[in-house]
Every structure is written in C-alpha cells, then in structure tokens.
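Source file: input_37.txt (compact mmCIF, C-alpha atoms and all ligand atoms)
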# COMPACT_ATOMS: atom_id res chain seq x y z
CA MET M 21 14.28 -4.54 5.58
CA ASP M 22 12.36 -7.63 4.50
CA GLU M 23 14.11 -8.93 1.36
CA GLU M 24 11.35 -11.41 0.58
CA LEU M 25 8.79 -8.61 0.70
CA ILE M 26 10.85 -6.51 -1.72
CA ARG M 27 11.17 -9.51 -4.07
CA ARG M 28 7.41 -10.10 -3.98
CA ALA M 29 6.74 -6.40 -4.72
CA ARG M 30 9.08 -6.60 -7.71
CA GLU M 31 7.27 -9.71 -8.96
CA ALA M 32 3.89 -7.99 -8.57
CA ARG M 33 5.25 -5.02 -10.53
CA GLU M 34 5.86 -7.35 -13.46
CA HIS M 35 2.10 -7.99 -13.59
CA ALA M 36 1.08 -4.32 -13.54
CA TYR M 37 -1.42 -3.14 -16.14
CA ALA M 38 -0.22 0.35 -16.99
CA PRO M 39 -0.72 0.92 -20.73
CA TYR M 40 -1.47 4.64 -20.35
CA SER M 41 1.20 5.95 -17.99
CA GLY M 42 3.74 3.17 -18.28
CA TYR M 43 4.31 3.66 -14.54
CA ARG M 44 4.30 0.09 -13.26
CA VAL M 45 3.89 -0.49 -9.53
CA GLY M 46 4.01 -3.60 -7.38
CA ALA M 47 3.12 -3.71 -3.71
CA ALA M 48 3.66 -6.41 -1.11
CA ILE M 49 2.28 -6.33 2.42
CA ARG M 50 3.28 -8.52 5.31
CA SER M 51 0.32 -8.78 7.64
CA ALA M 52 0.40 -9.41 11.38
CA ASP M 53 0.14 -13.18 10.92
CA GLY M 54 3.20 -13.21 8.64
CA ARG M 55 1.44 -13.82 5.36
CA VAL M 56 2.26 -11.75 2.27
CA TRP M 57 -0.35 -10.03 0.11
CA THR M 58 0.47 -8.46 -3.23
CA GLY M 59 -1.03 -6.00 -5.66
CA SER M 60 -0.23 -4.43 -9.02
CA ASN M 61 -1.57 -1.17 -10.37
CA VAL M 62 -4.48 -1.58 -12.77
CA GLU M 63 -5.06 1.39 -15.04
CA ASN M 64 -8.26 2.06 -16.97
CA VAL M 65 -9.09 4.18 -20.00
CA SER M 66 -11.50 5.98 -17.66
CA PHE M 67 -8.61 7.24 -15.54
CA GLY M 68 -10.66 7.69 -12.39
CA ALA M 69 -11.28 3.94 -12.36
CA THR M 70 -7.57 3.21 -12.02
CA LEU M 71 -6.59 1.18 -8.96
CA CYS M 72 -3.25 1.51 -7.18
CA ALA M 73 -1.15 -1.53 -6.29
CA GLU M 74 -1.18 -0.69 -2.58
CA ARG M 75 -4.96 -0.62 -2.31
CA ILE M 76 -5.26 -3.88 -4.23
CA ALA M 77 -2.80 -5.51 -1.80
CA ILE M 78 -4.74 -4.12 1.17
CA GLY M 79 -7.98 -5.44 -0.31
CA ALA M 80 -6.40 -8.89 -0.73
CA MET M 81 -5.27 -8.80 2.90
CA ILE M 82 -8.73 -7.83 4.12
CA SER M 83 -10.45 -10.48 2.02
CA GLY M 84 -7.97 -13.00 3.44
CA GLY M 85 -9.12 -12.18 6.96
CA GLU M 86 -6.25 -9.99 8.14
CA ARG M 87 -6.51 -6.43 9.42
CA VAL M 88 -2.99 -5.32 10.39
CA VAL M 89 -0.24 -4.23 8.00
CA LYS M 90 3.16 -4.89 9.60
CA GLU M 91 5.26 -3.79 6.63
CA LEU M 92 4.79 -2.63 3.04
CA ALA M 93 7.25 -2.86 0.16
CA LEU M 94 6.59 -0.83 -2.96
CA ALA M 95 8.41 -1.44 -6.24
CA THR M 96 8.43 1.29 -8.89
CA GLN M 97 10.78 2.54 -11.58
CA ASP M 98 12.11 5.34 -9.40
CA GLY M 99 11.50 4.58 -5.72
CA GLY M 100 8.23 6.52 -5.78
CA THR M 101 6.01 6.90 -2.75
CA PRO M 102 2.36 5.83 -2.32
CA CYS M 103 -0.21 8.42 -3.44
CA GLY M 104 -2.28 10.33 -0.91
CA ILE M 105 -5.31 8.08 -1.28
CA CYS M 106 -3.22 4.98 -0.60
CA LEU M 107 -1.56 6.61 2.42
CA GLN M 108 -5.02 7.35 3.83
CA VAL M 109 -6.20 3.77 3.21
CA LEU M 110 -2.98 2.37 4.64
CA SER M 111 -3.37 4.47 7.79
CA GLU M 112 -6.61 2.58 8.51
CA PHE M 113 -4.66 -0.68 8.93
CA ALA M 114 -1.13 0.37 9.91
CA GLU M 115 0.58 2.15 12.77
CA GLU M 116 2.51 5.39 12.46
CA ASP M 117 5.80 3.49 12.75
CA THR M 118 4.89 0.84 10.15
CA GLU M 119 7.84 0.47 7.79
CA ILE M 120 7.36 1.28 4.12
CA VAL M 121 10.20 0.20 1.84
CA LEU M 122 10.49 2.18 -1.39
CA ASP M 123 12.27 0.09 -4.03
CA GLY M 124 13.47 1.14 -7.47
CA GLY M 125 15.45 4.27 -6.76
CA ALA M 126 19.05 4.64 -7.90
CA GLY M 127 20.35 4.22 -4.36
CA GLY M 128 18.50 0.96 -3.71
CA PRO M 129 15.60 0.30 -1.34
CA VAL M 130 14.86 3.01 1.24
CA ALA M 131 12.86 2.43 4.43
CA VAL M 132 10.56 5.14 5.74
CA SER M 133 7.71 5.16 8.27
CA LEU M 134 4.06 5.75 7.52
CA ALA M 135 4.15 8.86 9.72
CA GLY M 136 7.21 10.06 7.81
CA LEU M 137 5.18 10.07 4.60
CA PHE M 138 1.81 10.99 6.11
CA PRO M 139 2.26 12.77 9.45
CA GLN M 140 -1.28 14.09 9.86
CA ALA M 141 -3.40 11.11 8.81
CA PHE M 142 -7.14 11.32 9.34
CA ARG M 143 -7.63 8.51 11.88
CA SER M 144 -10.73 6.58 12.86
CA ALA M 145 -10.45 7.95 16.41
CA GLN M 146 -11.43 11.33 14.93
CA VAL M 147 -14.79 9.95 13.82
CA ARG M 148 -17.32 9.60 16.60
CA ARG M 149 -20.68 7.97 16.13
CA THR M 150 -23.72 9.42 17.77
CA GLU M 151 -27.24 8.06 17.90
CA THR M 152 -28.47 10.91 15.71
CA GLY M 153 -25.61 10.59 13.28
CA SER M 154 -24.65 14.23 13.83
ZN ZN M 201 -2.25 5.09 -4.66

As structure tokens, how would this structure be written, given the file I've shared?
Ligand SMILES: [Zn+2]
Amino acid sequence: MDEELIRRAREAREHAYAPYSGYRVGAAIRSADGRVWTGSNVENVSFGATLCAERIAIGAMISGGERVVKELALATQDGGTPCGICLQVLSEFAEEDTEIVLDGGAGGPVAVSLAGLFPQAFRSAQVRRTETGS
C-alpha cells in the first residue's frame, strides 16, 4: 500500500465540493511514470452534471500526458468503492490487477484489485473498427 497516495487522496477529499450529498471523495492516482494525480468530487445542482473524484484524477493524468494508472487510492467517509462509471473509465487505463486502496473504513485502508471490483469490464479489445463502421 502506497502511504503517500493515501495521504494525497485524503488531502484531495478535503477539497471536495459536495453540498448536496455531503459525501466527500478524494482520489489519488500514481501513473506509470511515478507522478501523482488527484481529484475531488464536484457536485452540481443539476445532479447529472456531478463529476466523481476518480474521473477528475484520470482526466488530470491524461492532460498531463500519462496513460497508465499503476495504483489508485480513494478516500471517503466509509471506505466506499468507485461507482460503475468510474470503474469503466478506470478500466480504459488500468490493468485487471491494478491495486485500488479504499480508505476511510473503520478497519483502515483496504487494498482490492480492479478485477475484484469490476470483473467483467467492457474492454477496448471488444470494439473493432471496420471501414464501414458496422
Ligand atoms: Zn464515480
């Protein structure tokens, strides 16, 4: 478990904007080159416009020129898991055995794998391009 990554996720959680649910989330990603990218959840009065901390961190990583998630730490009030949308987005840039550390539960941080949370991810290998687009 990467203690610095957990600390950075906790710091990002402090910056969460969650006035509607009160469920504050911080995410920290270590990319393949060793850099850390963080995100906080950003809620919106139009609930569908809400952004999750994990996807913000992934977006920061992509805009910083990285493409591979080596590890993710997620800080919540209860050790909660990423939502289904975030697991799908994460699966685009992570391997099945990528470690996800869930922080905030009563028992302390827990490490799980991406495949453990999302065993049947829809992967890019399942999408084949053809010249006709069909
Ligand atoms: Zn999410």

* Using all atoms listed in the file, which residues sit within 10 Å of Asp117 in chain M once same-chain residues fewer than 4 positions away are excluded, as a PyMOL selection string? -> chain M and resi 90-91+132-136

For the selection you just gave me, I'd like the residues written to a file as a tab-separated table (two decimals), in the coordinates of the input, keeping C-alpha atoms.
chain	number	residue	atom	x	y	z
M	90	LYS	CA	3.16	-4.89	9.60
M	91	GLU	CA	5.26	-3.79	6.63
M	132	VAL	CA	10.56	5.14	5.74
M	133	SER	CA	7.71	5.16	8.27
M	134	LEU	CA	4.06	5.75	7.52
M	135	ALA	CA	4.15	8.86	9.72
M	136	GLY	CA	7.21	10.06	7.81

* Skipping near chain neighbours, those fewer than 3 positions away, what residues fall within 7 Å of range 30-39 of chain M using all atoms listed in the file, listed as a ChimeraX atom specification? -> /M:26-27,42-47,58-63,95

* **For Ala114 in chain M: contacts at 12 Å, only C-alpha atoms, fewer than 5 positions along chain excluded, given as a list of chain:residue names** =>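 Final neighbour list, sorted by chain and number: M:Ile49, M:Arg50, M:Ser51, M:Ala52, M:Ile78, M:Glu86, M:Arg87, M:Val88, M:Val89, M:Lys90, M:Glu91, M:Leu92, M:Cys106, M:Leu107, M:Gln108, M:Val109, M:Glu119, M:Ile120, M:Ser133, M:Leu134, M:Ala135, M:Phe138, M:Ala141, M:Arg143, M:Ser144.
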
Now that the selection is made, can you save its residues with C-alpha atoms as a compact mmCIF listing (two decimals), keeping the file's coordinate frame?
# COMPACT_ATOMS: atom_id res chain seq x y z
CA ILE M 49 2.28 -6.33 2.42
CA ARG M 50 3.28 -8.52 5.31
CA SER M 51 0.32 -8.78 7.64
CA ALA M 52 0.40 -9.41 11.38
CA ILE M 78 -4.74 -4.12 1.17
CA GLU M 86 -6.25 -9.99 8.14
CA ARG M 87 -6.51 -6.43 9.42
CA VAL M 88 -2.99 -5.32 10.39
CA VAL M 89 -0.24 -4.23 8.00
CA LYS M 90 3.16 -4.89 9.60
CA GLU M 91 5.26 -3.79 6.63
CA LEU M 92 4.79 -2.63 3.04
CA CYS M 106 -3.22 4.98 -0.60
CA LEU M 107 -1.56 6.61 2.42
CA GLN M 108 -5.02 7.35 3.83
CA VAL M 109 -6.20 3.77 3.21
CA GLU M 119 7.84 0.47 7.79
CA ILE M 120 7.36 1.28 4.12
CA SER M 133 7.71 5.16 8.27
CA LEU M 134 4.06 5.75 7.52
CA ALA M 135 4.15 8.86 9.72
CA PHE M 138 1.81 10.99 6.11
CA ALA M 141 -3.40 11.11 8.81
CA ARG M 143 -7.63 8.51 11.88
CA SER M 144 -10.73 6.58 12.86

* Asked: Out of M:Glu24, M:Arg148, M:Val121, M:Trp57, which residue has the shortest atom-to-atom distance to Ala80 in chain M when counting only C-alpha atoms?
  ->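 Checking each of M:Glu24, M:Arg148, M:Val121, M:Trp57 against Ala80 in chain M, counting only C-alpha atoms, the winner is M:Trp57.
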
* Asked: Counting only C-alpha atoms, what is within 10 Å of Leu137 in chain M, bar same-chain residues fewer than 6 positions away, as a PyMOL selection string?
  -> chain M and resi 101-104+107+116+120

Keeping only C-alpha atoms, write the selected residues as a compact mmCIF listing (two decimals), in the frame of the given file.
# COMPACT_ATOMS: atom_id res chain seq x y z
CA THR M 101 6.01 6.90 -2.75
CA PRO M 102 2.36 5.83 -2.32
CA CYS M 103 -0.21 8.42 -3.44
CA GLY M 104 -2.28 10.33 -0.91
CA LEU M 107 -1.56 6.61 2.42
CA GLU M 116 2.51 5.39 12.46
CA ILE M 120 7.36 1.28 4.12

* **Best match for closeness to ligand ZN 201 (chain M) among M:Ala93, M:Val65, M:Val130, M:Ile105, counting all atoms listed in the file** =>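 The closest residue to ligand ZN 201 (chain M) is M:Ile105.
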
Edge lengths and centre, in Å to one decimal, as JSON: that's what I need for the box along x, y and z that holds all listed atoms of range 40-50 of chain M plus 8 Å on each side.
{"center_x": 1.4, "center_y": -1.3, "center_z": -7.5, "size_x": 21.8, "size_y": 30.5, "size_z": 41.7}

* Asked: Restricting the calculation to all atoms listed in the file, which member of M:Ala29, M:Ala48, M:Ile82, M:Leu71 is positioned closest to ligand ZN 201 (chain M)?
  -> M:Leu71

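The residue that comes closest to Leu94 in chain M, out of M:Gly68, M:Gly124, M:Gly79, M:Pro139 and on the basis of only C-alpha atoms, is M:Gly124.
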
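Between CA of Gln97 in chain M and CA of Val56 in chain M there is a distance of 21.6 Å.
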
* Asked: So which one's closest to ligand ZN 201 (chain M), M:Arg75, M:Gln140, M:Ser66, M:Ala131? Using all atoms listed in the file, please.
  ->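 Looking at the shortest contact to ligand ZN 201 (chain M), the residue is M:Arg75.
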
* State, in Å with one decimal place, the distance from CA of Gln146 in chain M to CA of Cys72 in chain M. =>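 Separating CA of Gln146 in chain M from CA of Cys72 in chain M is a distance of 25.5 Å.
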
* Work out how far apart CA of Met21 in chain M and CA of Ile76 in chain M are and give it in Å to one decimal. => 21.9 Å

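Minimum distance to Asn64 in chain M across M:Thr118, M:Gly100, M:Ser41, M:Ala77 (counting all atoms listed in the file) occurs at M:Ser41.
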